[in-house]
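What follows is entry_12.cif (mmCIF, C-alpha atoms and all ligand atoms).
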data_target
loop_
_atom_site.label_atom_id
_atom_site.label_comp_id
_atom_site.auth_asym_id
_atom_site.auth_seq_id
_atom_site.Cartn_x
_atom_site.Cartn_y
_atom_site.Cartn_z
CA MET A 38 -5.75 5.61 20.69
CA LYS A 39 -7.85 5.66 17.53
CA ARG A 40 -6.12 5.04 14.22
CA ILE A 41 -7.75 4.60 10.80
CA HIS A 42 -6.46 1.46 9.10
CA PHE A 43 -6.72 -0.47 5.86
CA ASP A 44 -5.36 -3.99 5.29
CA ARG A 45 -5.76 -4.08 1.49
CA PHE A 46 -6.27 -1.70 -1.40
CA GLY A 47 -9.84 -0.90 -2.35
CA ALA A 48 -12.66 1.63 -2.25
CA PRO A 49 -12.11 3.77 0.89
CA GLU A 50 -15.67 3.22 2.13
CA GLU A 51 -15.08 -0.54 1.97
CA VAL A 52 -11.53 -1.02 3.24
CA LEU A 53 -11.06 1.66 5.92
CA TYR A 54 -11.86 0.87 9.56
CA GLN A 55 -11.14 2.42 12.94
CA ALA A 56 -8.64 0.49 15.08
CA ASP A 57 -7.84 0.94 18.77
CA VAL A 58 -4.10 0.62 19.22
CA ALA A 59 -1.63 1.37 22.03
CA ASP A 60 -0.32 4.94 22.13
CA PRO A 61 3.05 4.98 20.32
CA VAL A 62 6.13 5.92 22.36
CA PRO A 63 8.69 8.36 20.95
CA GLY A 64 12.28 7.10 20.76
CA ALA A 65 15.51 9.10 20.67
CA GLY A 66 15.18 12.11 18.37
CA GLU A 67 11.40 11.70 18.13
CA VAL A 68 8.29 13.34 19.52
CA LEU A 69 4.75 12.14 20.10
CA LEU A 70 2.45 14.48 18.17
CA LYS A 71 -1.24 14.80 19.04
CA ILE A 72 -2.83 15.40 15.65
CA ARG A 73 -5.43 18.16 15.68
CA MET A 74 -6.45 18.41 12.02
CA ARG A 75 -5.65 16.77 8.66
CA PRO A 76 -7.13 17.14 5.16
CA ILE A 77 -8.46 14.36 2.95
CA ASN A 78 -6.40 14.89 -0.20
CA PRO A 79 -6.71 13.09 -3.56
CA ALA A 80 -3.32 11.46 -2.83
CA ASP A 81 -4.87 9.84 0.28
CA ILE A 82 -7.64 8.34 -1.83
CA ALA A 83 -5.03 7.14 -4.36
CA TYR A 84 -2.98 5.63 -1.50
CA ILE A 85 -6.02 3.69 -0.23
CA THR A 86 -7.09 2.48 -3.67
CA GLY A 87 -3.55 1.40 -4.58
CA SER A 88 -2.62 3.94 -7.23
CA TYR A 89 0.04 5.77 -5.21
CA VAL A 90 3.41 4.79 -3.74
CA PRO A 91 2.40 1.67 -1.72
CA PRO A 92 2.57 1.38 2.08
CA GLU A 93 5.80 0.05 3.58
CA SER A 94 3.85 -2.24 5.92
CA TRP A 95 0.31 -3.40 6.72
CA PRO A 96 -2.04 -2.43 8.20
CA ALA A 97 -1.54 1.02 6.71
CA CYS A 98 -2.86 4.35 7.96
CA PRO A 99 -3.63 7.14 5.46
CA GLY A 100 -2.79 10.82 5.76
CA MET A 101 0.29 12.65 4.51
CA GLU A 102 0.03 16.06 6.19
CA ALA A 103 -1.39 17.46 9.43
CA VAL A 104 -1.10 19.98 12.22
CA GLY A 105 -0.64 18.84 15.80
CA THR A 106 0.83 19.63 19.20
CA VAL A 107 3.74 17.89 20.89
CA ALA A 108 2.36 15.56 23.59
CA ALA A 109 5.70 14.09 24.71
CA VAL A 110 9.35 14.10 23.66
CA GLY A 111 11.73 11.16 23.35
CA PRO A 112 15.14 10.82 25.04
CA GLY A 113 17.62 13.54 24.13
CA VAL A 114 15.05 15.88 22.56
CA ASP A 115 15.61 19.38 23.92
CA THR A 116 14.77 21.62 20.94
CA VAL A 117 10.99 21.30 21.25
CA ARG A 118 8.68 20.99 24.25
CA PRO A 119 5.21 19.60 24.93
CA GLY A 120 2.39 21.92 23.88
CA GLN A 121 4.20 23.41 20.85
CA ARG A 122 2.26 23.24 17.60
CA PHE A 123 3.86 22.02 14.35
CA ILE A 124 2.90 20.87 10.90
CA VAL A 125 4.11 17.61 9.36
CA SER A 126 4.28 16.86 5.69
CA ARG A 127 4.65 13.85 3.42
CA ILE A 128 4.80 11.59 6.42
CA ARG A 129 2.31 8.75 6.37
CA GLY A 130 -0.25 7.97 9.02
CA THR A 131 -1.78 11.29 10.07
CA TRP A 132 -5.28 9.77 10.27
CA ALA A 133 -4.59 8.81 13.87
CA GLU A 134 -5.00 10.54 17.23
CA TYR A 135 -1.26 10.43 17.85
CA MET A 136 1.81 9.70 15.78
CA VAL A 137 5.53 9.50 16.43
CA VAL A 138 7.51 11.90 14.28
CA PRO A 139 11.26 12.56 14.03
CA VAL A 140 12.05 16.05 15.35
CA ARG A 141 13.71 16.91 12.02
CA ALA A 142 10.36 16.37 10.23
CA LEU A 143 8.54 19.04 12.27
CA LEU A 144 7.82 22.26 10.38
CA PRO A 145 7.13 25.45 12.32
CA VAL A 146 3.77 27.15 12.04
CA ALA A 147 2.73 30.64 13.15
CA PRO A 148 0.58 30.57 16.33
CA ASP A 149 -2.16 32.74 14.80
CA LEU A 150 -2.74 30.52 11.76
CA SER A 151 -5.91 28.42 12.16
CA ASP A 152 -5.68 24.63 12.28
CA GLU A 153 -7.86 24.57 9.13
CA ILE A 154 -5.19 26.40 7.12
CA ALA A 155 -2.15 25.04 8.96
CA CYS A 156 -3.02 21.41 8.24
CA GLN A 157 -3.07 22.15 4.49
CA MET A 158 -0.05 24.44 4.34
CA SER A 159 2.64 22.01 3.40
CA ILE A 160 1.45 20.44 0.15
CA ASN A 161 -1.03 22.33 -2.03
CA PRO A 162 0.17 25.94 -1.59
CA LEU A 163 3.75 24.86 -2.27
CA THR A 164 2.67 22.82 -5.27
CA ALA A 165 0.89 25.82 -6.79
CA LEU A 166 3.92 28.04 -6.12
CA LEU A 167 6.43 25.61 -7.62
CA LEU A 168 4.24 24.86 -10.65
CA LEU A 169 4.16 28.57 -11.47
CA GLN A 170 7.89 28.92 -10.89
CA ALA A 171 8.47 26.08 -13.35
CA VAL A 172 7.10 28.19 -16.22
CA VAL A 173 9.72 30.67 -17.37
CA PRO A 174 8.44 32.05 -20.72
CA GLU A 175 5.87 34.81 -20.69
CA GLY A 176 2.37 33.86 -21.79
CA ALA A 177 -0.85 32.29 -20.64
CA ILE A 178 -1.21 29.05 -18.70
CA VAL A 179 -4.24 26.79 -19.07
CA GLN A 180 -5.16 24.42 -16.24
CA THR A 181 -7.64 21.61 -15.66
CA ALA A 182 -9.42 20.81 -12.35
CA ALA A 183 -9.28 24.56 -11.71
CA GLY A 184 -11.78 24.29 -8.83
CA SER A 185 -9.33 22.18 -6.80
CA ALA A 186 -7.32 23.67 -3.95
CA VAL A 187 -4.22 23.69 -6.16
CA GLY A 188 -6.17 25.23 -9.06
CA ARG A 189 -7.51 28.07 -6.91
CA LEU A 190 -4.07 28.70 -5.38
CA VAL A 191 -2.50 28.84 -8.86
CA ASN A 192 -4.89 31.69 -9.71
CA GLN A 193 -4.26 33.51 -6.44
CA LEU A 194 -0.47 33.28 -6.77
CA ALA A 195 -0.45 34.15 -10.49
CA ALA A 196 -2.26 37.40 -9.68
CA ARG A 197 1.04 38.63 -8.19
CA THR A 198 2.65 38.83 -11.62
CA GLY A 199 -0.47 39.29 -13.75
CA ARG A 200 0.11 35.97 -15.52
CA THR A 201 -3.06 34.92 -17.41
CA ILE A 202 -4.54 31.67 -16.08
CA ILE A 203 -7.23 30.00 -18.17
CA ASN A 204 -9.34 27.74 -15.97
CA LEU A 205 -11.04 24.57 -17.16
CA VAL A 206 -13.64 22.87 -14.95
CA ARG A 207 -15.96 20.00 -15.69
CA ARG A 208 -19.03 21.10 -13.69
CA ALA A 209 -21.26 24.15 -14.17
CA ASP A 210 -21.62 24.66 -10.40
CA THR A 211 -17.82 24.78 -10.00
CA ALA A 212 -17.63 27.33 -12.82
CA ALA A 213 -20.34 29.43 -11.14
CA ASP A 214 -18.56 29.20 -7.77
CA LEU A 215 -15.21 30.30 -9.23
CA ARG A 216 -16.77 33.19 -11.17
CA SER A 217 -18.74 34.35 -8.13
CA GLN A 218 -15.46 34.57 -6.22
CA GLY A 219 -13.82 36.70 -8.86
CA TYR A 220 -11.78 34.07 -10.71
CA ARG A 221 -11.43 35.05 -14.36
CA HIS A 222 -11.30 33.02 -17.58
CA VAL A 223 -13.39 30.05 -16.41
CA ILE A 224 -14.37 27.65 -19.19
CA LEU A 225 -16.46 24.47 -19.03
CA SER A 226 -14.54 21.53 -20.47
CA SER A 227 -17.87 19.97 -21.51
CA ASP A 228 -18.47 22.83 -23.99
CA GLU A 229 -17.92 21.47 -27.47
CA ASN A 230 -15.83 24.50 -28.44
CA TRP A 231 -13.77 24.79 -25.21
CA GLN A 232 -10.51 24.67 -27.15
CA ASP A 233 -11.63 27.65 -29.29
CA GLN A 234 -12.63 29.45 -26.09
CA VAL A 235 -9.14 28.88 -24.65
CA ARG A 236 -7.49 30.29 -27.79
CA GLU A 237 -9.85 33.28 -27.83
CA THR A 238 -9.17 33.98 -24.16
CA ALA A 239 -5.41 33.84 -24.71
CA GLY A 240 -5.78 36.30 -27.60
CA ASP A 241 -2.33 37.58 -28.59
CA GLU A 242 -0.62 35.71 -25.78
CA ALA A 243 1.01 32.34 -26.41
CA VAL A 244 -0.32 29.46 -24.31
CA VAL A 245 3.06 28.47 -22.93
CA ALA A 246 2.04 25.80 -20.43
CA ALA A 247 -0.79 23.56 -19.29
CA PHE A 248 -1.07 22.32 -15.69
CA ASP A 249 -2.96 19.05 -15.56
CA PRO A 250 -3.68 16.70 -12.61
CA VAL A 251 -6.22 14.65 -14.61
CA ALA A 252 -4.13 13.00 -17.40
CA GLY A 253 -5.78 10.55 -19.86
CA SER A 254 -7.67 12.08 -22.77
CA THR A 255 -8.06 15.33 -20.79
CA GLY A 256 -4.29 15.75 -20.68
CA GLN A 257 -3.99 14.88 -24.35
CA SER A 258 -6.64 17.42 -25.36
CA LEU A 259 -4.58 20.19 -23.77
CA LEU A 260 -1.80 19.58 -26.29
CA ALA A 261 -4.07 21.04 -28.99
CA VAL A 262 -4.30 24.42 -27.24
CA LEU A 263 -0.61 24.80 -26.42
CA SER A 264 1.36 27.21 -28.59
CA ARG A 265 4.54 26.08 -30.37
CA GLY A 266 7.18 25.13 -27.79
CA GLY A 267 4.59 24.78 -24.98
CA VAL A 268 4.81 22.29 -22.14
CA LEU A 269 2.15 20.07 -20.59
CA ILE A 270 2.99 19.64 -16.90
CA LEU A 271 1.33 16.55 -15.43
CA TYR A 272 1.10 16.71 -11.65
CA GLY A 273 -1.61 14.17 -10.88
CA GLY A 274 -3.52 11.25 -12.36
CA LEU A 275 -7.12 11.83 -11.28
CA SER A 276 -8.50 10.01 -14.34
CA GLY A 277 -6.33 6.96 -13.66
CA GLU A 278 -5.41 6.91 -17.35
CA PRO A 279 -2.11 7.58 -19.17
CA VAL A 280 -1.85 10.46 -21.68
CA PRO A 281 -2.05 9.03 -25.21
CA ALA A 282 0.19 11.53 -27.03
CA SER A 283 1.45 10.86 -30.56
CA ALA A 284 4.97 11.66 -31.77
CA MET A 285 3.52 13.83 -34.55
CA GLN A 286 1.44 15.85 -32.10
CA LEU A 287 4.52 16.58 -30.00
CA ALA A 288 7.17 16.88 -32.71
CA GLY A 289 4.98 18.93 -35.06
CA ASN A 290 4.66 21.76 -32.54
CA ASP A 291 7.82 21.28 -30.50
CA LEU A 292 5.69 20.40 -27.46
CA SER A 293 6.91 18.58 -24.39
CA ILE A 294 5.32 16.73 -21.51
CA LYS A 295 6.89 16.71 -18.09
CA GLY A 296 5.92 15.59 -14.62
CA PHE A 297 5.90 17.52 -11.38
CA TRP A 298 6.13 16.06 -7.88
CA LEU A 299 6.59 18.08 -4.70
CA ALA A 300 8.65 15.47 -2.85
CA PRO A 301 12.04 16.30 -4.45
CA TRP A 302 11.70 19.94 -3.36
CA TYR A 303 11.38 18.84 0.27
CA ALA A 304 14.31 16.45 -0.13
CA ARG A 305 16.68 19.03 -1.62
CA SER A 306 15.68 22.14 0.37
CA SER A 307 17.43 23.10 3.59
CA ALA A 308 15.44 23.54 6.81
CA GLU A 309 16.01 27.30 6.49
CA GLU A 310 14.65 27.39 2.93
CA LYS A 311 11.54 25.39 3.89
CA LYS A 312 10.94 27.71 6.84
CA HIS A 313 11.39 30.78 4.63
CA VAL A 314 9.02 29.61 1.89
CA LEU A 315 6.37 28.39 4.34
CA ARG A 316 6.56 31.67 6.28
CA GLY A 317 5.98 33.60 3.05
CA LEU A 318 2.91 31.48 2.31
CA GLU A 319 1.63 31.91 5.87
CA ASP A 320 1.87 35.68 5.49
CA SER A 321 -0.20 35.47 2.32
CA PHE A 322 -2.89 33.40 4.07
CA ARG A 323 -2.91 35.91 6.91
CA THR A 324 -3.52 38.84 4.56
CA GLY A 325 -6.20 36.93 2.67
CA GLU A 326 -4.18 36.92 -0.57
CA LEU A 327 -4.35 33.11 -0.38
CA SER A 328 -7.30 31.03 0.76
CA ILE A 329 -8.55 27.48 0.44
CA PRO A 330 -12.29 26.88 0.93
CA VAL A 331 -13.28 24.23 3.46
CA ALA A 332 -16.46 22.32 2.60
CA GLY A 333 -16.67 20.22 5.75
CA ILE A 334 -14.96 19.23 8.99
CA HIS A 335 -15.65 15.81 10.49
CA THR A 336 -14.17 14.14 13.55
CA LEU A 337 -11.62 11.38 12.99
CA GLU A 338 -14.12 8.82 14.34
CA ASN A 339 -16.60 10.05 11.76
CA PHE A 340 -14.11 9.62 8.90
CA LYS A 341 -16.70 7.72 6.83
CA ALA A 342 -18.83 10.88 6.56
CA GLY A 343 -15.72 12.76 5.43
CA ILE A 344 -14.92 10.14 2.80
CA GLU A 345 -18.53 10.20 1.59
CA GLN A 346 -18.37 13.98 1.18
CA VAL A 347 -15.01 13.79 -0.62
CA LEU A 348 -16.36 11.26 -3.10
CA SER A 349 -19.63 13.12 -3.71
CA PRO A 350 -19.85 15.19 -6.88
CA GLY A 351 -20.06 18.95 -6.56
CA ARG A 352 -17.87 19.41 -3.49
CA LEU A 353 -16.59 23.00 -3.39
CA GLY A 354 -13.74 22.85 -0.88
CA LYS A 355 -11.53 20.64 1.24
CA ILE A 356 -12.81 18.10 3.72
CA LEU A 357 -10.88 18.01 6.99
CA LEU A 358 -10.74 15.50 9.86
CA SER A 359 -10.36 16.89 13.37
CA SER A 360 -9.41 15.27 16.68
N1 LIG B 401 2.47 16.28 -7.87
C1 LIG B 401 2.39 16.75 -6.63
O1 LIG B 401 3.38 16.85 -5.90
C2 LIG B 401 1.03 17.15 -6.12
C3 LIG B 401 0.93 17.90 -4.95
C4 LIG B 401 -0.35 18.31 -4.55
C5 LIG B 401 -1.48 17.93 -5.25
N2 LIG B 401 -1.30 17.15 -6.37
C6 LIG B 401 -2.46 16.74 -7.16
O2 LIG B 401 -3.22 17.88 -7.49
C7 LIG B 401 -4.55 17.47 -7.76
C8 LIG B 401 -5.49 18.41 -7.02
O3 LIG B 401 -5.30 18.22 -5.62
P1 LIG B 401 -6.18 19.08 -4.60
O4 LIG B 401 -5.85 18.65 -3.23
O5 LIG B 401 -6.04 20.50 -4.97
O6 LIG B 401 -7.65 18.59 -5.02
P2 LIG B 401 -9.06 18.90 -4.36
O7 LIG B 401 -9.07 20.27 -3.79
O8 LIG B 401 -9.42 17.77 -3.46
O9 LIG B 401 -10.02 18.88 -5.63
C9 LIG B 401 -10.00 17.82 -6.55
C10 LIG B 401 -10.48 18.39 -7.86
O10 LIG B 401 -10.22 17.50 -8.92
C11 LIG B 401 -11.33 17.50 -9.79
N3 LIG B 401 -11.36 16.20 -10.47
C12 LIG B 401 -11.34 14.99 -9.90
N4 LIG B 401 -11.35 14.03 -10.86
C13 LIG B 401 -11.39 14.69 -12.04
C14 LIG B 401 -11.46 14.25 -13.39
N5 LIG B 401 -11.44 12.95 -13.70
N6 LIG B 401 -11.52 15.20 -14.36
C15 LIG B 401 -11.54 16.51 -14.06
N7 LIG B 401 -11.49 16.98 -12.79
C16 LIG B 401 -11.43 16.08 -11.80
C17 LIG B 401 -12.53 17.75 -8.92
O11 LIG B 401 -13.50 18.31 -9.71
P3 LIG B 401 -15.07 18.05 -9.45
O12 LIG B 401 -15.47 19.04 -8.40
O13 LIG B 401 -15.65 18.33 -10.77
O14 LIG B 401 -15.20 16.63 -8.99
C18 LIG B 401 -11.95 18.74 -7.89
O15 LIG B 401 -12.06 20.06 -8.37
C19 LIG B 401 -4.64 16.01 -7.31
O16 LIG B 401 -4.51 15.18 -8.43
C20 LIG B 401 -3.43 15.85 -6.42
O17 LIG B 401 -3.00 14.53 -6.32
C21 LIG B 401 -0.09 16.77 -6.81
#
Do you think you could lay out the structure here as structure tokens?
Amino acid sequence: MKRIHFDRFGAPEEVLYQADVADPVPGAGEVLLKIRMRPINPADIAYITGSYVPPESWPACPGMEAVGTVAAVGPGVDTVRPGQRFIVSRIRGTWAEYMVVPVRALLPVAPDLSDEIACQMSINPLTALLLLQAVVPEGAIVQTAAGSAVGRLVNQLAARTGRTIINLVRRADTAADLRSQGYRHVILSSDENWQDQVRETAGDEAVVAAFDPVAGSTGQSLLAVLSRGGVLILYGGLSGEPVPASAMQLAGNDLSIKGFWLAPWYARSSAEEKKHVLRGLEDSFRTGELSIPVAGIHTLENFKAGIEQVLSPGRLGKILLSS
């Protein structure tokens, strides 16, 4: 079977290659999953370049979520059968035709949900939901990288409660795309007065939180628009830089900085809770309340074209790999 490998950290276009390896065989309590679709997420790029939790062994295979169908079951497995479709999350190595997965790691997925949505269900929609749930006080939230899948989902989910989301993007075409799709409060971070624009947009509302996956000076600049007692929630490191915050900046306005990572939610939630939350999100995708644009689908063999599109400026949606 085909499996995408890398033997060392580096630029994806330089270190990734397609390997032909023997089909894996499921052991007791495992299934062989034929992967149908997986997204290329920023965490995959970080994994390949060496700025994420490192691989446990080499060669490594990228990919942390996917949708697939059971091709075979291991000894003693009687709760699932070949042909059933499942999603897998936070399990490494989905950029392969097949992978062996413990039965307990399989997450159910509604039969009518497309592979395009199903393969992205388990990380970004949940992240957006949990980020919003982490903000208790009333008031506006400002977010960077608002054109990302997470950024769009934050807006869509916040519409349920009417929470004001102020969206910062770095490209004019992303701003135009968001506005054309009805997203409100879109501000270009390259505007000299973007911080004034954020305050004006918030009006009488306090800016109680900032969601930031960029970090570095971008993260720091958000501290200046937070109201007293506000929190900067860092959930990614797209800039590759730390946030240079000063004690005075934080102490003077009673601000705090905290991190968010989805993994602990999966670790502490019961199977029932995961099923319940994912089913709720599925319903919202079905009604069109939630959506994630797809900018391209490439075959697994053609992963280089997918990587090229992911790394090109101006991409307005997710890139998926099919097989
Ligand atoms: N903590 C967690 O558990 C968790 C879970 C899910 C996702 N995340 C993080 O959430 C972030 C978004 O993920 P996604 O899958 O939604 O992304 P995505 O849809 O692939 O989009 C990435 C976005 O990031 C923007 N971006 C990249 N580098 C940037 C920079 N240096 N400054 C400003 N904007 C930048 C891009 O803007 P342009 O179009 O302008 O290039 C694009 O809009 C990633 O950092 C990811 O790792 C974290």
- Query: Around (-17.4, 30.3, -12.7) in the file's frame, which residues reach within 12 Å when counting only C-alpha atoms? Return as a PyMOL selection string?
  - Reply: chain A and resi 183-184+189+203-225+353
May I ask you to write as a compact mmCIF listing (two decimals) with C-alpha atoms, keeping the file's coordinate frame all residues lying at most 8 Å from ligand LIG 401 (chain B), with all atoms listed in the file counted?
# COMPACT_ATOMS: atom_id res chain seq x y z
CA ILE A 77 -8.46 14.36 2.95
CA ASN A 78 -6.40 14.89 -0.20
CA PRO A 79 -6.71 13.09 -3.56
CA ALA A 80 -3.32 11.46 -2.83
CA ALA A 83 -5.03 7.14 -4.36
CA ILE A 160 1.45 20.44 0.15
CA ASN A 161 -1.03 22.33 -2.03
CA LEU A 163 3.75 24.86 -2.27
CA THR A 164 2.67 22.82 -5.27
CA ALA A 165 0.89 25.82 -6.79
CA THR A 181 -7.64 21.61 -15.66
CA ALA A 182 -9.42 20.81 -12.35
CA ALA A 183 -9.28 24.56 -11.71
CA GLY A 184 -11.78 24.29 -8.83
CA SER A 185 -9.33 22.18 -6.80
CA ALA A 186 -7.32 23.67 -3.95
CA VAL A 187 -4.22 23.69 -6.16
CA GLY A 188 -6.17 25.23 -9.06
CA ARG A 189 -7.51 28.07 -6.91
CA VAL A 206 -13.64 22.87 -14.95
CA ARG A 207 -15.96 20.00 -15.69
CA ARG A 208 -19.03 21.10 -13.69
CA THR A 211 -17.82 24.78 -10.00
CA PRO A 250 -3.68 16.70 -12.61
CA VAL A 251 -6.22 14.65 -14.61
CA THR A 255 -8.06 15.33 -20.79
CA LEU A 271 1.33 16.55 -15.43
CA TYR A 272 1.10 16.71 -11.65
CA GLY A 273 -1.61 14.17 -10.88
CA GLY A 274 -3.52 11.25 -12.36
CA LEU A 275 -7.12 11.83 -11.28
CA SER A 276 -8.50 10.01 -14.34
CA GLY A 277 -6.33 6.96 -13.66
CA GLY A 296 5.92 15.59 -14.62
CA PHE A 297 5.90 17.52 -11.38
CA TRP A 298 6.13 16.06 -7.88
CA LEU A 299 6.59 18.08 -4.70
CA ALA A 300 8.65 15.47 -2.85
CA VAL A 347 -15.01 13.79 -0.62
CA SER A 349 -19.63 13.12 -3.71
CA PRO A 350 -19.85 15.19 -6.88
CA GLY A 351 -20.06 18.95 -6.56
CA ARG A 352 -17.87 19.41 -3.49
CA LEU A 353 -16.59 23.00 -3.39
CA GLY A 354 -13.74 22.85 -0.88
CA LYS A 355 -11.53 20.64 1.24
CA ILE A 356 -12.81 18.10 3.72
Is there a way to get, as a short mmCIF file (atom, residue, chain, number, x, y, z; two decimals) with C-alpha atoms, keeping the file's coordinate frame, all residues within 6 Å of the point (-0.3, 20.3, -34.1) in file coordinates, counting all atoms listed in the file?
data_model
loop_
_atom_site.label_atom_id
_atom_site.label_comp_id
_atom_site.auth_asym_id
_atom_site.auth_seq_id
_atom_site.Cartn_x
_atom_site.Cartn_y
_atom_site.Cartn_z
CA GLN A 286 1.44 15.85 -32.10
CA GLY A 289 4.98 18.93 -35.06
CA ASN A 290 4.66 21.76 -32.54
#
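For segment 237-242 of chain A, the non-local neighbours within 12 Å, defined as residues at least 3 positions apart in the same chain or in other chains and counting all atoms listed in the file, are Pro174, Glu175, Gly176, Ala177, Ile178, Val179, Arg200, Thr201, Ile202, Ile203, Asn204, Leu205, Arg221, His222, Val223, Ile224, Asn230, Trp231, Gln232, Asp233, Gln234, Val245, Ala246, Val262, Leu263, Ser264 and Arg265 of chain A.
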- Item | Among listed residues A:Val146, A:Ile329, A:Ala97, A:Val104, nearest Ser360 of chain A (using all atoms listed in the file) |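 Result for the nearest residue to Ser360 of chain A: A:Val104.
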- Query: Quick one: residues within 9 Å of Tyr135 of chain A, all atoms listed in the file counted, chain neighbours fewer than 6 positions away excluded, as a PyMOL selection string?
  - Reply: chain A and resi 38-40+60-61+69-72+105+108
Write the residues of the preceding selection, restricted to C-alpha atoms, as an mmCIF file, keeping the file's coordinate frame.
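So part-v6.cif came out as:
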data_model
loop_
_atom_site.group_PDB
_atom_site.id
_atom_site.type_symbol
_atom_site.label_atom_id
_atom_site.label_comp_id
_atom_site.auth_asym_id
_atom_site.auth_seq_id
_atom_site.Cartn_x
_atom_site.Cartn_y
_atom_site.Cartn_z
ATOM 1 C CA MET A 38 -5.750 5.610 20.690
ATOM 2 C CA LYS A 39 -7.850 5.660 17.530
ATOM 3 C CA ARG A 40 -6.120 5.040 14.220
ATOM 4 C CA ASP A 60 -0.320 4.940 22.130
ATOM 5 C CA PRO A 61 3.050 4.980 20.320
ATOM 6 C CA LEU A 69 4.750 12.140 20.100
ATOM 7 C CA LEU A 70 2.450 14.480 18.170
ATOM 8 C CA LYS A 71 -1.240 14.800 19.040
ATOM 9 C CA ILE A 72 -2.830 15.400 15.650
ATOM 10 C CA GLY A 105 -0.640 18.840 15.800
ATOM 11 C CA ALA A 108 2.360 15.560 23.590
#
- Item | Length of the atom CA of Val125 of chain A to atom CA of Asp320 of chain A vector [Å] |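 Computing it gives 18.6 Å between the two atoms.
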- Could you tell me which of A:Ala171, A:Ala308, A:Met158, A:Ile82 comes closest to Gly343 of chain A if we count all atoms listed in the file?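 Ranking A:Ala171, A:Ala308, A:Met158, A:Ile82 by distance to Gly343 of chain A, first place goes to A:Ile82.
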Reconstruct N, CA and C atoms of segment 332-345 of chain A from the incomplete input and present them as a JSON list (two decimals), in the frame of the given file.
[["chain", "number", "residue", "atom", "x", "y", "z"],
["A", 332, "ALA", "N", -15.06, 22.70, 2.82],
["A", 332, "ALA", "CA", -16.46, 22.32, 2.60],
["A", 332, "ALA", "C", -17.02, 21.48, 3.75],
["A", 333, "GLY", "N", -16.16, 21.01, 4.63],
["A", 333, "GLY", "CA", -16.67, 20.22, 5.75],
["A", 333, "GLY", "C", -15.57, 19.80, 6.69],
["A", 334, "ILE", "N", -15.91, 19.74, 7.99],
["A", 334, "ILE", "CA", -14.96, 19.23, 8.99],
["A", 334, "ILE", "C", -15.67, 18.12, 9.76],
["A", 335, "HIS", "N", -15.08, 16.95, 9.77],
["A", 335, "HIS", "CA", -15.65, 15.81, 10.49],
["A", 335, "HIS", "C", -14.64, 15.34, 11.53],
["A", 336, "THR", "N", -15.11, 14.68, 12.58],
["A", 336, "THR", "CA", -14.17, 14.14, 13.55],
["A", 336, "THR", "C", -13.50, 12.91, 12.93],
["A", 337, "LEU", "N", -12.35, 12.55, 13.49],
["A", 337, "LEU", "CA", -11.62, 11.38, 12.99],
["A", 337, "LEU", "C", -12.50, 10.13, 13.06],
["A", 338, "GLU", "N", -13.24, 9.99, 14.18],
["A", 338, "GLU", "CA", -14.12, 8.82, 14.34],
["A", 338, "GLU", "C", -15.17, 8.77, 13.24],
["A", 339, "ASN", "N", -15.54, 9.96, 12.77],
["A", 339, "ASN", "CA", -16.60, 10.05, 11.76],
["A", 339, "ASN", "C", -16.00, 10.16, 10.35],
["A", 340, "PHE", "N", -14.83, 9.49, 10.18],
["A", 340, "PHE", "CA", -14.11, 9.62, 8.90],
["A", 340, "PHE", "C", -14.95, 9.16, 7.70],
["A", 341, "LYS", "N", -15.89, 8.24, 7.95],
["A", 341, "LYS", "CA", -16.70, 7.72, 6.83],
["A", 341, "LYS", "C", -17.53, 8.84, 6.21],
["A", 342, "ALA", "N", -18.04, 9.75, 7.08],
["A", 342, "ALA", "CA", -18.83, 10.88, 6.56],
["A", 342, "ALA", "C", -17.92, 11.79, 5.72],
["A", 343, "GLY", "N", -16.68, 11.94, 6.18],
["A", 343, "GLY", "CA", -15.72, 12.76, 5.43],
["A", 343, "GLY", "C", -15.42, 12.15, 4.06],
["A", 344, "ILE", "N", -15.21, 10.84, 4.07],
["A", 344, "ILE", "CA", -14.92, 10.14, 2.80],
["A", 344, "ILE", "C", -16.11, 10.28, 1.85],
["A", 345, "GLU", "N", -17.31, 10.10, 2.42],
["A", 345, "GLU", "CA", -18.53, 10.20, 1.59],
["A", 345, "GLU", "C", -18.60, 11.58, 0.94]]
